[in-house]
Amino acid sequence: MSAPAPRVLVIDDEPPIRKLLRMGLGTEGYQVLEAPNARTALELMAASPDLVILDLGLPDMQGLDLLKALRARDEKVPIVILSSRGEERSKVEALDLGADDYVTKPFGMEELLARMRTAMRHRLQVQGERPVFRIGDLSVDLVRRIVRLHGKEVKLSPKEYELLRLLVQHAGKVLTHRFLLTELWDPLTDAQYLRVYVRQLRQKIEDDPERPRYLTTETGVGYRLRAPDTPAL
Amino acid sequence: MSDQRRDQDDPRPSPEALLKEAEREAPRRGRLKIFVGAAPGVGKTYEMLQSGRARVREGADVVAGLVETHGRKETEALLAGLEVLPRKPLRYGSQVLEEMDLDGLLARRPQIALVDELAHTNAPGSRHPKRYLDVEELLNAGIDVYTTLNIQHIESLNDVVAQITGVRVRETVPDAILDRADAVELVDLTPDDLIQRLREGKVYVPRQAERALTNYFSPGNLTALRELALRRTADRVDDQLLTHMQAHAIAGPWAAGERILACVSEDPRAAGLVRYAKRLADRLHAPFTALSVETRRTLQLSERERNRLAETLRLAQALGADTVTVPGGARRIADDVLAFARANNITQIVVGKSTRSRWFEIINGSVVHDLVRNSGNISVHVIAGEEPAAAPAGPSGRSGGAARNFRSAEHTIALLAVAAALAIAELLQPWVGLESVDLVFLASVVAVAVRFGLWPSLLASVASALCYNFFFLPPLYTFTIASANNVAAFGSFAIIAVVVSNLAARVRTQAMIANARARMTESLYVFSRKLAGAGSLDDVLWATAYQIALMLKVRVVLLLPEQDTIAVRAGYPPEDVLDEADIAAAKWTWQNDRPAGRGSDTLPGARRLFLPMRTSRGAIGVAGIDRDKQGAILSPDERRLLDALIDQAALAIERVQLVEDMDRAKRTIEADRLRSALLTSISHDLKTPLAGALGAATSLRDLAGKLSDAERAELLATAIGELERLNRFIANLLDMTRLESGAIAPNLALHDLGEIVGSALARAGKILAGHRVEIDLPRDLPPINIDAVLFEQALFNLLDNASRYTDPGTAVRLEGRLEKGVVCLQLMDEGEGIPTPDLERIFDKFYRVEKGDRVRAGTGLGLAVARGFVEAMNGTLTAANRVDRRGAVFSLRLPVANEVRRIDAAA
């Protein structure tokens, strides 16, 4: 590869985790900057990293406060959160505050790399949209507004299409309830509306709506449409 | 081997003797040393002070609590080097009296306290009326006491001394004090020397008693007193020796099981009789019992006589006797006494000499004669006794008795009854004749006897006889009788009338006694039933307070220990409060396990009388009694009833407390069992996957070069699989902790069941990889109000459980349906099912169904967490076995949300 290695800032107070990420990301061609605390992390922001991995549980600053501080220095850099199970609320808050995605500890390296790739790709892609989006047997033609499953056209209501378009635009990324509600209605709308539309959309684009392959639920957080290059989990 | 031989051969120390020794040697109680003298002036105080000084020289902490020097120079000189506690002034009327400062002494807490004149009576308003009670308290507080005592003040010798000297001292000390003393030192002086000292003015004599005392100090008196003192002290030494010999199992001449019975009555001389019995008992080293027989006569005693009887019984108790009151069932009192004596192995009976008239004895029989005649091998002591000269003025026993028994209304009615009989007889006489008229009079006598008892019926007898003579026997209207026949008729009428009235009256009193007893027994029975039914401590206390108040017409408070003091827990009437004197008396009762307050020896100034409530295990509380009536709070009968009530209540309270203790112990055991299960489970569940992962990882490191790619991949898979298992276990542990600490606050919102089933299945994808998963959820299920994260976790745990208890290749089926207002989700597997007894227990923490040698690698937490989460969302989770085939079925039920907004997707 001729392009310079992307720089990843890893902010975590646990040395074993940092070591693991250094090795794992190093073999994948990333250059790793390590910050064991918030202070070092903010200093290292001067090196303008290409991606930030942030553990929400830091000793010297609230994770969410650090997230705000990071966003204040660079509003574009993709940020992936590391958090624990049972902390859905802080995940949602972090996402709403501008984090791009999250990985729940303990995590597999593959999952983290996938999240990182998605986050970085979206940063590059924001300007232009792909004309046709494909995952598995589902294709969405964003220009002609045509959705096909197994090659057969699927009729969607305008709201259903709007929802699917949003998901496609952010394919691979988790979208919070609030984000979707804000984009489709307004932030004060009952999340129940969203659930109803998701259910109907699944019935039209999934083979088995009870066990969805494309549009998955991130319980307590939001929804995610599978990225084109990732296999079903 | 006969029992007796065995007793003699048995070298083991007797338990009672050891107990007595131990009581004496218990570290808390102080030691008591008494300096005993035969008469005032022998030098007891002097001797005590010298002993005290000797101890000071040895380095002991000695304080003179109270020493009377009576201005004697030698004594004052001895006191000079000692720390003297200031006396406490007590205002009494216009006078200010000085007493020993008991509280000061208790606070000062010396090793040894010197307290002069043990028999002293404290000024009114002191805590205890007697100084020996102060000394008891000092001893209980662990302070050693040196004290002085004249022989004349010893209770059991009180009569003897009075007989010898002609002077009765009112200040007495119970014999028990002397017997319990750890050391007794006799301060002896020959009569001549003592008289010499008296002449030299070295003996303190109260001025007003100077003349009386000149007689007192005659050589004859002093010799007799000296002998008495020597003998009493020797008795005590003997006692000590006996205790010692028994404690150390030294063979010796033990007392041959003598038992003494003193028959007491309301007679004023009974006290002397009790003292005599005490002396006899001491000499024989025998236990003694004071017996009072309740007869129809005792029921009619005056208040004063009853009090005297109670006092005599109390005296007997103070002298160490058991006191017993038995109902007189037999015709003769002597039979009752002998029955009791035989039943209790009594060997000697002490009874007072009768002062009844010869006539009385012919009619009623003599108790003494009956006793002597029928006692068999029991010895009977008949003692004269002497009426105390100092008996307070007032109507003396017998005449007072007659006057008291005259209840005018009853006697008037008796006379009216006779008048009515006379009228009827006059009417009947023309038809029935003279011979039958007397029956009419007899009828009236019997009626009066049954209704009013002995005295009115005797009056009726006499009146009837006179009327019969006057109105019917010729010559009429005179009290003379003409014919011999009529004399016989009149005589037989008079005798029959008296006998009948006597008999009827006896039947009546017996019926009254029986009734009273039956009523009391009935009440006690009802009370015990009530207590047996009371489940909580408060119920028992309230029932007790109410019952005592009801039966004795008194006000009641019940106090139970609370931390290190006692506090009122119940009372009737409930709004009663204790003033400070009451609280002090209650505390004293609790600490000393003896009655205190009004009418008792301690703190008599309190408004209430406080009695300890005890069981065999010790004191458990205090009952306080109060009555508006002036004077003594309770009569002896009432006191007995109260004791019975309090004993029953104490047992009930103890029972409730024991049950509470047992519950607590059970809970502790249960908690311990859980804790040990937790430890076993955690250590197993943490170590097993750790061992697997660590083993795989170290193998990869150490054998890297020798492993094939396939082997390496397998080791890695093992490590990862084991670590994922560990992760699930820790997640469950954390969930359980959150549940138990109450940190679960469900974030309820309307959710689609299908959506959550989907995400749970996605998460469980790997563990269910080997199973078929079937889903049957109707499209039209209403949304349910749940916390999606908790619900998904509960479902995941159920899926995890199913995967572990079924074989790969079997199906796991999820079925949803709408029941009445409830959405039910069932998870069915094709495993072996759940043994019926375990259907509920599988939801207990750390419970695992184990079958044969196949130990399942479960956490024992998954189902407990699942149920906890579901219940936190107002749902239920139950287990059952499938009916259509083998396998278990778990049913999750959640209520349909009340208001389901129908959202039209087409909008």
# chains A, B, ... in the order shown; residues from 1 in each chain; ligands from 1
>>> interface_residues(of="chain B", to="chain A", cutoff="10 Å", atoms="only C-alpha atoms", output="PyMOL selection string")
chain B and resi 720+723-724+727+731+734-735+747+749-763+765-766+775-777+783+787-793+901-907
>>> select_by_dssp(residues="region 44-185 of chain A", states="strand (DSSP E)", output="PyMOL selection string")
chain A and resi 51-55+79-84+101-105+132-135+138-141+146-149+152-154+174-176
>>> residues_around(residues="Leu180 (chain A)", least_positions_apart="6", cutoff="9 Å", atoms="only C-alpha atoms", output="VMD selection string")
chain A and resid 163 166 to 167 186 to 187 194 222 to 223
>>> residues_around(residues="Pro604 (chain B)", least_positions_apart="4", cutoff="10 Å", atoms="only C-alpha atoms", output="ChimeraX atom specification")
/B:124-129,581-582,585,596-600,608-609
>>> residues_around(residues="Ala99 (chain A)", least_positions_apart="4", cutoff="6 Å", atoms="only C-alpha atoms", output="PDB file with C-alpha atoms, in the first residue's frame")
ATOM      1  CA  ILE A  79     -15.117   7.805  16.990  1.00  0.00           C
ATOM      2  CA  ALA A  94     -22.512   8.733  23.272  1.00  0.00           C
ATOM      3  CA  LEU A  95     -24.021   8.045  19.852  1.00  0.00           C
TER       4      LEU A  95
END
>>> atom_distance(atom1="CA of Ala802 (chain B)", atom2="CA of Glu714 (chain B)")
24.9 Å
>>> residues_around(residues="region 2-14 of chain A", least_positions_apart="6", cutoff="8 Å", atoms="only C-alpha atoms", output="list in words")
Leu21, Gly29, Tyr30, Gln31, Val32, Leu33, Glu34, Ala35, Pro36, Asn37, Ala38, Ala41, Leu44, Pro49, Asp50, Leu51, Val52, Ile53, Leu54, Asp55, Gly57, Leu58 and Pro59 of chain A
>>> write_last_selection(atoms="N, CA and C atoms", output="PDB file, in the first residue's frame")
ATOM      1  N   LEU A  21      -4.950  -4.025  21.251  1.00  0.00           N
ATOM      2  CA  LEU A  21      -5.323  -3.196  20.109  1.00  0.00           C
ATOM      3  C   LEU A  21      -4.086  -2.822  19.276  1.00  0.00           C
ATOM      4  N   GLY A  29      -2.438  -2.910   9.580  1.00  0.00           N
ATOM      5  CA  GLY A  29      -1.860  -1.780   8.869  1.00  0.00           C
ATOM      6  C   GLY A  29      -2.207  -0.424   9.443  1.00  0.00           C
ATOM      7  N   TYR A  30      -2.700  -0.402  10.691  1.00  0.00           N
ATOM      8  CA  TYR A  30      -2.977   0.891  11.314  1.00  0.00           C
ATOM      9  C   TYR A  30      -1.766   1.319  12.125  1.00  0.00           C
ATOM     10  N   GLN A  31      -1.603   2.626  12.250  1.00  0.00           N
ATOM     11  CA  GLN A  31      -0.588   3.153  13.160  1.00  0.00           C
ATOM     12  C   GLN A  31      -1.322   3.536  14.445  1.00  0.00           C
ATOM     13  N   VAL A  32      -0.864   3.015  15.582  1.00  0.00           N
ATOM     14  CA  VAL A  32      -1.627   3.188  16.822  1.00  0.00           C
ATOM     15  C   VAL A  32      -0.987   4.238  17.729  1.00  0.00           C
ATOM     16  N   LEU A  33      -1.808   5.215  18.159  1.00  0.00           N
ATOM     17  CA  LEU A  33      -1.380   6.175  19.186  1.00  0.00           C
ATOM     18  C   LEU A  33      -2.103   5.778  20.478  1.00  0.00           C
ATOM     19  N   GLU A  34      -1.368   5.689  21.593  1.00  0.00           N
ATOM     20  CA  GLU A  34      -1.999   5.215  22.833  1.00  0.00           C
ATOM     21  C   GLU A  34      -2.134   6.340  23.848  1.00  0.00           C
ATOM     22  N   ALA A  35      -3.315   6.417  24.433  1.00  0.00           N
ATOM     23  CA  ALA A  35      -3.530   7.390  25.511  1.00  0.00           C
ATOM     24  C   ALA A  35      -4.165   6.673  26.704  1.00  0.00           C
ATOM     25  N   PRO A  36      -3.468   6.627  27.828  1.00  0.00           N
ATOM     26  CA  PRO A  36      -4.029   5.941  29.002  1.00  0.00           C
ATOM     27  C   PRO A  36      -5.020   6.811  29.769  1.00  0.00           C
ATOM     28  N   ASN A  37      -5.108   8.104  29.448  1.00  0.00           N
ATOM     29  CA  ASN A  37      -6.039   8.970  30.166  1.00  0.00           C
ATOM     30  C   ASN A  37      -6.500  10.115  29.285  1.00  0.00           C
ATOM     31  N   ALA A  38      -7.425  10.892  29.793  1.00  0.00           N
ATOM     32  CA  ALA A  38      -8.051  11.951  29.006  1.00  0.00           C
ATOM     33  C   ALA A  38      -7.047  13.040  28.615  1.00  0.00           C
ATOM     34  N   ALA A  41      -4.945  11.965  25.861  1.00  0.00           N
ATOM     35  CA  ALA A  41      -5.798  11.838  24.679  1.00  0.00           C
ATOM     36  C   ALA A  41      -5.972  13.187  24.008  1.00  0.00           C
ATOM     37  N   LEU A  44      -2.874  14.240  22.258  1.00  0.00           N
ATOM     38  CA  LEU A  44      -2.609  13.492  21.030  1.00  0.00           C
ATOM     39  C   LEU A  44      -3.557  13.869  19.899  1.00  0.00           C
ATOM     40  N   PRO A  49      -5.593  12.310  14.416  1.00  0.00           N
ATOM     41  CA  PRO A  49      -5.738  10.900  14.054  1.00  0.00           C
ATOM     42  C   PRO A  49      -6.877  10.703  13.052  1.00  0.00           C
ATOM     43  N   ASP A  50      -6.843   9.543  12.349  1.00  0.00           N
ATOM     44  CA  ASP A  50      -7.882   9.252  11.377  1.00  0.00           C
ATOM     45  C   ASP A  50      -9.098   8.582  12.019  1.00  0.00           C
ATOM     46  N   LEU A  51      -8.897   8.039  13.249  1.00  0.00           N
ATOM     47  CA  LEU A  51     -10.019   7.402  13.954  1.00  0.00           C
ATOM     48  C   LEU A  51      -9.681   7.362  15.434  1.00  0.00           C
ATOM     49  N   VAL A  52     -10.729   7.442  16.275  1.00  0.00           N
ATOM     50  CA  VAL A  52     -10.506   7.384  17.723  1.00  0.00           C
ATOM     51  C   VAL A  52     -11.286   6.200  18.296  1.00  0.00           C
ATOM     52  N   ILE A  53     -10.611   5.401  19.128  1.00  0.00           N
ATOM     53  CA  ILE A  53     -11.305   4.343  19.880  1.00  0.00           C
ATOM     54  C   ILE A  53     -11.307   4.795  21.336  1.00  0.00           C
ATOM     55  N   LEU A  54     -12.493   4.978  21.878  1.00  0.00           N
ATOM     56  CA  LEU A  54     -12.608   5.585  23.204  1.00  0.00           C
ATOM     57  C   LEU A  54     -13.305   4.649  24.189  1.00  0.00           C
ATOM     58  N   ASP A  55     -12.609   4.335  25.295  1.00  0.00           N
ATOM     59  CA  ASP A  55     -13.241   3.588  26.395  1.00  0.00           C
ATOM     60  C   ASP A  55     -13.957   4.588  27.284  1.00  0.00           C
ATOM     61  N   GLY A  57     -15.020   4.291  30.301  1.00  0.00           N
ATOM     62  CA  GLY A  57     -14.647   4.311  31.717  1.00  0.00           C
ATOM     63  C   GLY A  57     -13.200   4.710  31.920  1.00  0.00           C
ATOM     64  N   LEU A  58     -12.955   6.017  32.025  1.00  0.00           N
ATOM     65  CA  LEU A  58     -11.588   6.500  32.233  1.00  0.00           C
ATOM     66  C   LEU A  58     -11.437   7.036  33.648  1.00  0.00           C
ATOM     67  N   PRO A  59     -10.211   6.986  34.185  1.00  0.00           N
ATOM     68  CA  PRO A  59     -10.040   7.425  35.580  1.00  0.00           C
ATOM     69  C   PRO A  59     -10.162   8.936  35.763  1.00  0.00           C
TER      70      PRO A  59
END
>>> residues_around(residues="Gln657 (chain B)", least_positions_apart="6", cutoff="10 Å", atoms="only C-alpha atoms", output="list in words")
Ser536, Leu537, Ile620, Leu651 and Asp663 of chain B
>>> write_last_selection(atoms="N, CA and C atoms", output="tab-separated table (two decimals), in the first residue's frame")
chain	number	residue	atom	x	y	z
B	536	SER	N	-47.47	-12.96	68.58
B	536	SER	CA	-46.37	-12.00	68.64
B	536	SER	C	-46.17	-11.56	70.09
B	537	LEU	N	-45.00	-11.01	70.32
B	537	LEU	CA	-44.65	-10.55	71.66
B	537	LEU	C	-45.64	-9.49	72.14
B	620	ILE	N	-36.88	-12.12	82.71
B	620	ILE	CA	-37.09	-11.69	81.34
B	620	ILE	C	-37.81	-10.35	81.27
B	651	LEU	N	-43.62	-17.29	81.01
B	651	LEU	CA	-43.40	-18.47	80.16
B	651	LEU	C	-43.80	-18.17	78.72
B	663	ASP	N	-36.34	-18.73	64.73
B	663	ASP	CA	-36.50	-18.21	63.37
B	663	ASP	C	-35.22	-17.56	62.89
>>> atom_distance(atom1="CA of Phe471 (chain B)", atom2="CA of Ser501 (chain B)")
21.7 Å
>>> atom_distance(atom1="CA of Ala271 (chain B)", atom2="CA of Asp335 (chain B)")
22.9 Å
>>> select_by_dssp(residues="region 9-211 of chain A", states="helix (DSSP H, G or I)", output="PyMOL selection string")
chain A and resi 15-27+38-47+63-73+88-96+109-125+158-169+177-184+191-205
>>> closest_residue(among="A:Leu225, A:Val168, A:Leu142, A:Leu175", to="Asp96 (chain A)", atoms="only C-alpha atoms")
A:Leu175
>>> closest_residue(among="B:Gln163, B:Thr295, B:Ser444, B:Thr148", to="Pro327 (chain B)", atoms="only C-alpha atoms")
B:Thr295
>>> closest_residue(among="B:Arg841, B:Lys530, B:Arg675, B:Arg332", to="Val368 (chain B)", atoms="only C-alpha atoms")
B:Arg332
>>> closest_residue(among="B:His153, B:Arg72, B:Arg867, B:Arg269", to="Ala879 (chain B)", atoms="only C-alpha atoms")
B:Arg867
